[in-house]
file run-v4.csv (CSV, C-alpha atoms and all ligand atoms)
chain,number,residue,atom,x,y,z
A,1,MET,CA,8.7,98.4,60.1
A,2,ALA,CA,9.3,95.8,62.9
A,3,ALA,CA,9.6,93.0,60.3
A,4,ALA,CA,11.9,94.9,58.1
A,5,GLY,CA,14.0,95.9,61.1
A,6,ALA,CA,14.3,92.3,62.2
A,7,ARG,CA,15.4,91.2,58.8
A,8,ALA,CA,18.0,93.9,58.6
A,9,THR,CA,19.4,92.8,62.0
A,10,ALA,CA,19.6,89.2,60.7
A,11,ALA,CA,21.4,90.3,57.6
A,12,GLU,CA,23.9,92.3,59.6
A,13,ALA,CA,24.4,89.3,61.9
A,14,VAL,CA,25.2,87.1,58.9
A,15,ALA,CA,28.0,89.3,57.8
A,16,GLY,CA,29.2,90.2,61.2
A,17,ALA,CA,28.5,93.7,60.1
A,18,LYS,CA,27.8,95.5,63.3
A,19,GLY,CA,27.3,99.1,62.6
A,20,VAL,CA,27.6,98.8,58.8
A,21,LYS,CA,24.6,100.2,57.0
A,22,GLU,CA,22.3,97.7,55.1
A,23,GLU,CA,23.3,98.8,51.6
A,24,GLY,CA,27.0,99.1,52.5
A,25,PHE,CA,28.9,95.8,52.1
A,26,VAL,CA,29.7,92.8,49.9
A,27,GLN,CA,30.7,89.5,51.3
A,28,THR,CA,33.8,88.2,49.6
A,29,VAL,CA,35.6,84.9,50.3
A,30,ARG,CA,38.1,86.8,52.4
A,31,GLY,CA,35.5,88.8,54.4
A,32,LYS,CA,33.2,91.7,54.0
A,33,ILE,CA,34.3,94.8,52.1
A,34,ALA,CA,32.4,98.1,51.5
A,35,ALA,CA,30.4,97.8,48.3
A,36,GLY,CA,32.3,100.9,47.1
A,37,GLU,CA,35.5,99.0,47.3
A,38,LEU,CA,34.4,96.2,44.9
A,39,GLY,CA,35.6,98.0,41.8
A,40,ARG,CA,35.3,96.8,38.2
A,41,THR,CA,33.5,93.4,38.5
A,42,LEU,CA,33.0,90.4,36.3
A,43,ALA,CA,29.5,89.4,37.5
A,44,HIS,CA,29.4,85.8,36.3
A,45,GLU,CA,32.5,83.6,35.8
A,46,HIS,CA,33.9,80.2,36.9
A,47,VAL,CA,37.2,78.9,38.2
A,48,LEU,CA,36.3,75.2,38.4
A,49,VAL,CA,33.2,73.3,37.2
A,50,ASP,CA,32.7,69.5,37.4
A,51,PHE,CA,29.6,68.2,35.5
A,52,ILE,CA,29.9,64.7,36.8
A,53,GLY,CA,26.7,65.0,38.8
A,54,ALA,CA,25.8,65.2,42.5
A,55,GLU,CA,26.2,61.5,43.1
A,56,GLN,CA,29.9,61.5,42.1
A,57,VAL,CA,31.2,65.0,42.5
A,58,SER,CA,34.1,65.1,45.0
A,59,PRO,CA,37.3,67.2,45.7
A,60,THR,CA,39.2,64.0,45.0
A,61,ARG,CA,38.5,64.4,41.3
A,62,TYR,CA,41.0,67.2,40.9
A,63,GLU,CA,44.3,68.4,42.4
A,64,ALA,CA,43.6,71.8,44.0
A,65,ASP,CA,47.3,72.8,43.4
A,66,GLU,CA,47.0,72.0,39.7
A,67,VAL,CA,43.8,74.1,39.4
A,68,PHE,CA,45.5,76.9,41.2
A,69,ARG,CA,48.4,76.9,38.8
A,70,VAL,CA,46.1,76.8,35.7
A,71,VAL,CA,43.7,79.5,36.9
A,72,LEU,CA,45.9,82.0,38.6
A,73,PRO,CA,47.4,83.5,35.4
A,74,HIS,CA,43.9,84.1,34.0
A,75,LEU,CA,42.9,85.9,37.2
A,76,GLN,CA,46.1,87.9,37.1
A,77,GLN,CA,45.4,88.8,33.4
A,78,ALA,CA,41.9,90.0,34.3
A,79,ARG,CA,43.3,92.2,37.0
A,80,GLU,CA,45.9,93.7,34.7
A,81,LEU,CA,43.1,94.5,32.3
A,82,GLY,CA,41.2,96.3,35.0
A,83,ALA,CA,39.1,93.8,36.9
A,84,ARG,CA,39.0,94.1,40.6
A,85,ALA,CA,36.4,91.5,41.5
A,86,LEU,CA,35.0,88.3,40.0
A,87,VAL,CA,31.7,86.6,41.0
A,88,GLU,CA,32.5,82.9,41.0
A,89,CYS,CA,29.2,81.2,40.2
A,90,THR,CA,30.0,77.5,40.6
A,91,PRO,CA,27.4,76.1,42.9
A,92,ALA,CA,27.7,73.3,45.5
A,93,PHE,CA,27.6,69.8,43.9
A,94,LEU,CA,29.3,71.3,40.8
A,95,ALA,CA,32.8,71.6,42.5
A,96,ARG,CA,32.4,74.8,44.5
A,97,ASP,CA,35.7,75.0,46.4
A,98,ALA,CA,35.8,77.8,48.9
A,99,ARG,CA,39.4,77.2,50.1
A,100,LEU,CA,40.7,77.2,46.6
A,101,LEU,CA,38.9,80.6,46.0
A,102,VAL,CA,40.6,82.1,49.1
A,103,ARG,CA,44.0,81.0,47.8
A,104,LEU,CA,43.3,82.4,44.4
A,105,SER,CA,42.0,85.7,45.8
A,106,GLU,CA,45.1,86.1,47.9
A,107,ALA,CA,47.4,85.4,45.1
A,108,SER,CA,45.6,87.4,42.4
A,109,GLY,CA,44.5,90.4,44.4
A,110,LEU,CA,41.0,90.0,43.0
A,111,HIS,CA,37.9,90.1,45.2
A,112,LEU,CA,36.1,86.8,44.7
A,113,LEU,CA,32.6,85.9,45.7
A,114,THR,CA,31.2,82.4,46.2
A,115,ASN,CA,27.7,81.2,46.9
A,116,THR,CA,25.2,79.0,48.7
A,117,GLY,CA,22.2,77.3,47.2
A,118,LEU,CA,21.4,74.4,44.9
A,119,TYR,CA,21.3,74.2,41.1
A,120,GLY,CA,18.3,72.5,39.5
A,121,ALA,CA,19.0,73.1,35.8
A,122,ARG,CA,19.9,70.2,33.5
A,123,LYS,CA,17.0,68.1,34.9
A,124,ASN,CA,18.2,68.2,38.5
A,125,VAL,CA,21.3,66.0,38.1
A,126,PHE,CA,23.3,68.4,40.3
A,127,LEU,CA,20.8,68.1,43.2
A,128,PRO,CA,21.6,65.9,46.2
A,129,ALA,CA,18.8,63.5,47.2
A,130,TYR,CA,17.7,65.7,50.1
A,131,ALA,CA,16.7,68.5,47.7
A,132,HIS,CA,13.8,66.2,46.6
A,133,THR,CA,12.5,65.4,50.0
A,134,GLU,CA,13.1,68.5,52.1
A,135,SER,CA,10.8,71.5,52.1
A,136,ALA,CA,11.7,75.0,50.9
A,137,GLU,CA,12.0,76.0,54.6
A,138,GLN,CA,14.4,73.1,55.3
A,139,LEU,CA,16.6,74.0,52.3
A,140,ALA,CA,16.5,77.7,53.3
A,141,ALA,CA,17.6,76.7,56.8
A,142,ARG,CA,20.7,74.9,55.3
A,143,TRP,CA,21.6,77.9,53.2
A,144,THR,CA,21.0,80.4,55.9
A,145,ALA,CA,23.2,78.4,58.2
A,146,GLU,CA,26.0,78.4,55.6
A,147,ALA,CA,25.6,82.2,55.3
A,148,ARG,CA,25.8,82.6,59.0
A,149,ASP,CA,28.5,80.0,59.9
A,150,GLY,CA,30.5,79.6,56.7
A,151,ILE,CA,30.7,76.8,54.1
A,152,ALA,CA,31.5,73.4,55.9
A,153,ASP,CA,34.6,74.0,58.1
A,154,THR,CA,36.2,76.6,55.9
A,155,GLY,CA,34.9,79.7,57.7
A,156,VAL,CA,34.2,81.2,54.2
A,157,ARG,CA,30.8,82.9,53.9
A,158,PRO,CA,28.9,82.9,50.7
A,159,GLY,CA,28.3,86.3,49.0
A,160,PHE,CA,25.1,85.4,47.2
A,161,ILE,CA,22.6,82.6,46.5
A,162,LYS,CA,23.0,80.6,43.3
A,163,SER,CA,20.4,78.4,41.8
A,164,GLY,CA,19.4,77.2,38.4
A,165,VAL,CA,16.2,76.2,36.5
A,166,ASP,CA,15.5,74.5,33.2
A,167,ALA,CA,14.4,76.4,30.1
A,168,GLU,CA,10.9,75.0,30.3
A,169,PRO,CA,7.8,77.3,29.9
A,170,VAL,CA,7.0,76.9,33.6
A,171,LEU,CA,8.9,76.0,36.7
A,172,SER,CA,8.8,72.3,37.7
A,173,ALA,CA,7.7,71.6,41.3
A,174,VAL,CA,11.2,71.0,42.6
A,175,GLN,CA,12.7,74.0,40.8
A,176,ARG,CA,9.9,76.2,42.1
A,177,LYS,CA,10.8,75.0,45.6
A,178,LEU,CA,14.4,76.0,45.0
A,179,VAL,CA,13.3,79.5,44.1
A,180,ALA,CA,11.1,79.7,47.1
A,181,ALA,CA,14.0,78.5,49.3
A,182,ALA,CA,16.2,81.2,47.8
A,183,ALA,CA,13.5,83.8,48.6
A,184,LEU,CA,13.4,82.6,52.2
A,185,THR,CA,17.2,82.6,52.5
A,186,HIS,CA,17.3,86.1,51.0
A,187,ALA,CA,14.7,87.3,53.6
A,188,ALA,CA,16.9,85.9,56.4
A,189,THR,CA,20.3,87.0,55.1
A,190,GLY,CA,20.0,89.8,52.5
A,191,LEU,CA,22.1,87.8,50.0
A,192,THR,CA,21.3,88.4,46.4
A,193,ILE,CA,19.7,85.5,44.4
A,194,ALA,CA,21.3,84.6,41.0
A,195,VAL,CA,19.4,82.0,39.1
A,196,HIS,CA,20.7,80.3,35.9
A,197,THR,CA,17.6,80.9,33.8
A,198,GLY,CA,18.5,81.8,30.1
A,199,ARG,CA,15.3,81.5,28.1
A,200,GLY,CA,13.6,79.8,31.1
A,201,PRO,CA,10.8,81.1,33.2
A,202,GLY,CA,12.2,84.4,34.6
A,203,LEU,CA,9.1,86.4,35.3
A,204,GLU,CA,7.5,83.4,37.0
A,205,GLN,CA,10.4,83.4,39.5
A,206,LEU,CA,9.7,87.0,40.3
A,207,ASP,CA,6.2,86.0,41.2
A,208,VAL,CA,7.5,83.3,43.5
A,209,LEU,CA,9.8,85.9,45.2
A,210,LYS,CA,6.8,88.3,45.5
A,211,GLU,CA,4.7,85.5,47.3
A,212,HIS,CA,7.5,85.5,49.9
A,213,GLY,CA,7.7,89.2,50.2
A,214,VAL,CA,11.0,89.6,48.3
A,215,GLY,CA,11.5,92.3,45.7
A,216,ALA,CA,12.7,91.8,42.2
A,217,ALA,CA,15.9,93.8,43.0
A,218,ALA,CA,17.1,90.8,45.0
A,219,TRP,CA,17.2,88.6,41.8
A,220,VAL,CA,19.6,88.2,38.9
A,221,TRP,CA,18.4,86.8,35.6
A,222,VAL,CA,21.5,84.8,34.8
A,223,HIS,CA,22.3,84.2,31.1
A,224,ALA,CA,19.7,86.8,30.2
A,225,GLN,CA,21.1,87.1,26.6
A,226,GLY,CA,19.3,83.8,25.9
A,227,ALA,CA,15.8,85.2,26.7
A,228,LYS,CA,13.3,87.3,24.8
A,229,ASP,CA,13.9,91.0,24.8
A,230,GLU,CA,10.3,91.7,26.0
A,231,ASP,CA,10.6,89.4,29.0
A,232,LEU,CA,14.0,91.0,30.0
A,233,ILE,CA,12.6,94.5,29.7
A,234,ALA,CA,9.6,93.5,31.8
A,235,ALA,CA,11.8,92.0,34.5
A,236,ALA,CA,14.2,95.0,34.5
A,237,GLU,CA,11.2,97.3,34.8
A,238,ARG,CA,10.1,95.4,37.8
A,239,GLY,CA,13.6,96.0,39.2
A,240,ALA,CA,15.4,92.7,38.5
A,241,TRP,CA,19.0,92.5,37.4
A,242,ILE,CA,19.7,91.5,33.8
A,243,SER,CA,23.0,89.5,33.6
A,244,CYS,CA,24.3,89.7,30.1
A,245,ASP,CA,27.1,87.2,30.9
A,246,GLY,CA,27.7,85.2,27.7
A,247,LEU,CA,30.3,87.5,26.2
A,248,ASN,CA,32.4,85.7,23.5
A,249,ARG,CA,33.4,86.6,20.0
A,250,ASN,CA,30.1,85.3,18.5
A,251,SER,CA,27.9,87.0,21.0
A,252,VAL,CA,29.1,90.6,21.1
A,253,THR,CA,26.3,91.8,18.8
A,254,ARG,CA,23.6,90.3,21.0
A,255,HIS,CA,25.2,91.8,24.1
A,256,LEU,CA,25.6,95.2,22.4
A,257,HIS,CA,21.9,95.1,21.4
A,258,LEU,CA,20.7,94.5,24.9
A,259,CYS,CA,22.9,97.3,26.3
A,260,ARG,CA,21.5,99.7,23.7
A,261,GLU,CA,17.9,98.6,24.3
A,262,CYS,CA,18.3,99.0,28.1
A,263,LYS,CA,20.0,102.4,27.6
A,264,ARG,CA,17.2,103.6,25.3
A,265,ARG,CA,14.6,102.6,28.0
A,266,ALA,CA,16.6,104.1,30.9
A,267,LEU,CA,17.2,100.6,32.3
A,268,LEU,CA,21.0,100.6,32.1
A,269,GLY,CA,21.1,100.6,35.9
A,270,ARG,CA,19.8,97.0,35.9
A,271,VAL,CA,22.4,95.4,33.6
A,272,LEU,CA,25.4,93.3,34.5
A,273,LEU,CA,28.2,92.1,32.1
A,274,SER,CA,30.4,89.1,32.1
A,275,HIS,CA,31.8,86.1,30.1
A,276,ASP,CA,30.6,82.9,31.9
A,277,ALA,CA,34.2,81.9,31.1
A,278,GLY,CA,36.8,79.8,32.8
A,279,TRP,CA,36.9,76.9,33.7
A,280,PHE,CA,39.0,74.0,34.9
A,281,ASP,CA,37.1,70.8,34.0
A,282,PRO,CA,38.3,67.8,36.1
A,283,ALA,CA,37.0,65.4,33.4
A,284,LYS,CA,39.6,66.7,30.9
A,285,PRO,CA,43.4,66.4,31.0
A,286,GLY,CA,44.9,69.5,32.5
A,287,GLY,CA,41.4,70.8,33.0
A,288,GLY,CA,40.8,71.2,29.3
A,289,THR,CA,40.9,74.6,27.5
A,290,PHE,CA,40.5,77.4,30.0
A,291,ARG,CA,38.6,80.4,28.5
A,292,PRO,CA,40.1,83.7,29.6
A,293,PHE,CA,38.3,86.6,31.2
A,294,ASP,CA,39.6,89.2,28.7
A,295,LEU,CA,37.0,89.9,26.0
A,296,LEU,CA,35.0,92.4,28.0
A,297,PHE,CA,38.1,94.6,28.2
A,298,ALA,CA,39.7,93.9,24.9
A,299,VAL,CA,36.6,94.0,22.7
A,300,PHE,CA,33.3,94.8,24.4
A,301,LEU,CA,34.1,98.0,26.3
A,302,PRO,CA,35.8,99.5,23.2
A,303,LEU,CA,32.7,98.5,21.2
A,304,LEU,CA,30.4,100.3,23.7
A,305,ARG,CA,32.6,103.4,23.4
A,306,GLU,CA,32.3,103.3,19.6
A,307,ASN,CA,28.6,103.1,20.0
A,308,GLY,CA,28.3,106.2,22.1
A,309,PHE,CA,28.5,104.9,25.6
A,310,THR,CA,30.2,107.3,28.0
A,311,GLU,CA,32.8,106.4,30.6
A,312,ALA,CA,30.1,107.1,33.3
A,313,GLU,CA,27.8,104.6,31.6
A,314,ILE,CA,30.6,102.0,31.4
A,315,ASP,CA,31.4,102.5,35.1
A,316,GLN,CA,27.7,102.1,35.8
A,317,LEU,CA,27.6,98.7,34.0
A,318,THR,CA,30.9,97.3,35.4
A,319,VAL,CA,31.4,99.1,38.7
A,320,ARG,CA,28.2,100.6,40.2
A,321,ASN,CA,25.7,98.0,39.1
A,322,PRO,CA,27.6,95.0,40.5
A,323,ALA,CA,28.3,96.8,43.8
A,324,GLU,CA,24.5,97.5,44.1
A,325,ALA,CA,23.5,94.1,42.9
A,326,PHE,CA,25.7,92.1,45.3
A,327,ALA,CA,25.5,94.4,48.3
A,328,VAL,CA,24.1,92.4,51.2
A,329,ARG,CA,20.7,93.8,52.2
A,330,VAL,CA,17.1,92.6,52.4
A,331,ARG,CA,15.0,93.8,49.5
A,332,VAL,CA,11.3,93.7,50.2
A,333,ARG,CA,8.7,93.7,47.4
A,334,SER,CA,7.4,97.0,46.4
A,401,ZN,ZN,27.9,80.0,34.7

call {"tool": "encode", "arguments": {"input": "run-v4.csv", "output": "structure tokens"}}
result
Amino acid sequence: MAAAGARATAAEAVAGAKGVKEEGFVQTVRGKIAAGELGRTLAHEHVLVDFIGAEQVSPTRYEADEVFRVVLPHLQQARELGARALVECTPAFLARDARLLVRLSEASGLHLLTNTGLYGARKNVFLPAYAHTESAEQLAARWTAEARDGIADTGVRPGFIKSGVDAEPVLSAVQRKLVAAAALTHAATGLTIAVHTGRGPGLEQLDVLKEHGVGAAAWVWVHAQGAKDEDLIAAAERGAWISCDGLNRNSVTRHLHLCRECKRRALLGRVLLSHDAGWFDPAKPGGGTFRPFDLLFAVFLPLLRENGFTEAEIDQLTVRNPAEAFAVRVRVRS
């Protein structure tokens, strides 16, 4: 009890949430809100992503005003279609830009969440040098400080922890360390851990979390649609979140299948939906072709209704599940 109480206190301190119950709030780029205020949420999208690599990534590679002009109409469209919140999953060293997200949130009226953490997928090219030399505890101290004090000098606090691992059969040493650092940060802050995993080692990550006393409910299997059904079901049965976030015209059948499988097994309460769309790419003129955040509303929710999903189930997938998944609270292993 004492340990759990201490963690809850730390989590509340991080969000400045004196008097707010553990399960009660989400940290957006403009401050904390009650989880119940989050509304219909796109659980995994991007405003801006730069794949140049950790060595060269820099805010000087794009004009923030241009990105703002390109992205705002897409956020406004998502809001008109019914979205109220969008989880922006671009990590540090891939052009995470907290100030830009604040401007876009203010102008669009959407709640936006940003993140702390480091992304190891794609063979560690988005990791700064210190990620290779520091311990999990040292990395966690950096991320916990960001959660407590805000990102650089912006005052913007991250709403979750983002990491990424490669689609290998087992975690590499450095990527295992990133997952351990995420677990330690979760224990200190209560922030949810979202890891780009796809067909990579998801269940192994749950074991790493468990070694650090962290429950599966603190972890999101990002790009779950790329993994084997049996692994996803096993993770969901352990309490993990299954993020079916690759919605596009070619993937609706796969996403529908996963929703139906989870419903049949009474696991619909573990599923998140999104497009993994966007994003302004500084390497391309005008940011390249921005993919809109509309297919969920225009195509996929109607498809769910045609396949017997009730409005209550659709609200669960798009409102209640994201509010529970991203509510800031320490989740201990069961
Ligand atoms: Zn993504």

call {"tool": "atom_distance", "arguments": {"input": "run-v4.csv", "atom1": "CA of Ala217 (chain A)", "atom2": "CA of Ala235 (chain A)"}}
result
9.6 Å

call {"tool": "residues_near_ligand", "arguments": {"input": "run-v4.csv", "ligand": "ligand ZN 401 (chain A)", "cutoff": "12 Å", "atoms": "all atoms listed in the file", "output": "MDAnalysis selection string"}}
result
chainID A and resid 42:51 87:91 94 96 119 121 162:164 194:198 221:224 243:247 274:279

call {"tool": "closest_residue", "arguments": {"input": "run-v4.csv", "among": "A:Val271, A:Ala98, A:Val165, A:Leu81", "to": "Val220 (chain A)", "atoms": "all atoms listed in the file"}}
result
A:Val271

call {"tool": "atom_distance", "arguments": {"input": "run-v4.csv", "atom1": "CA of Gln316 (chain A)", "atom2": "CA of Gly269 (chain A)"}}
result
6.8 Å

call {"tool": "residues_near_point", "arguments": {"input": "run-v4.csv", "point": "(23.4, 73.9, 47.5)", "cutoff": "12 Å", "atoms": "only C-alpha atoms", "output": "PyMOL selection string"}}
result
chain A and resi 54+89-96+114-120+124+126-131+138-147+151-152+158+160-164+178+181-182+185

call {"tool": "atom_distance", "arguments": {"input": "run-v4.csv", "atom1": "CA of Phe293 (chain A)", "atom2": "CA of Val319 (chain A)"}}
result
16.1 Å

call {"tool": "residues_around", "arguments": {"input": "run-v4.csv", "residues": "Asp65 (chain A)", "least_positions_apart": "4", "cutoff": "9 Å", "atoms": "all atoms listed in the file", "output": "PDB file with C-alpha atoms, keeping the file's coordinate frame"}}
result
ATOM      1  CA  ARG A  69      48.400  76.900  38.800  1.00  0.00           C
ATOM      2  CA  VAL A  70      46.100  76.800  35.700  1.00  0.00           C
ATOM      3  CA  LEU A 100      40.700  77.200  46.600  1.00  0.00           C
TER       4      LEU A 100
END

call {"tool": "closest_residue", "arguments": {"input": "run-v4.csv", "among": "A:Glu306, A:Asp315, A:Asp281, A:Glu80", "to": "Ile52 (chain A)", "atoms": "only C-alpha atoms"}}
result
A:Asp281

call {"tool": "closest_residue", "arguments": {"input": "run-v4.csv", "among": "A:Leu273, A:Leu203, A:Val67, A:Ala218", "to": "Leu86 (chain A)", "atoms": "all atoms listed in the file"}}
result
A:Leu273

call {"tool": "closest_residue", "arguments": {"input": "run-v4.csv", "among": "A:Val328, A:Lys284, A:Glu66, A:Val299", "to": "Thr28 (chain A)", "atoms": "all atoms listed in the file"}}
result
A:Val328

call {"tool": "closest_residue", "arguments": {"input": "run-v4.csv", "among": "A:Val102, A:Ala34, A:Ala325, A:Val214", "to": "Ile242 (chain A)", "atoms": "all atoms listed in the file"}}
result
A:Ala325

call {"tool": "residues_around", "arguments": {"input": "run-v4.csv", "residues": "Ile33 (chain A)", "least_positions_apart": "2", "cutoff": "12 Å", "atoms": "all atoms listed in the file", "output": "PyMOL selection string"}}
result
chain A and resi 15-17+20+23-31+35-39+85+111-113+159+323+326-328

call {"tool": "closest_residue", "arguments": {"input": "run-v4.csv", "among": "A:Leu184, A:Ala173, A:Thr289, A:Asn248", "to": "Glu211 (chain A)", "atoms": "all atoms listed in the file"}}
result
A:Leu184
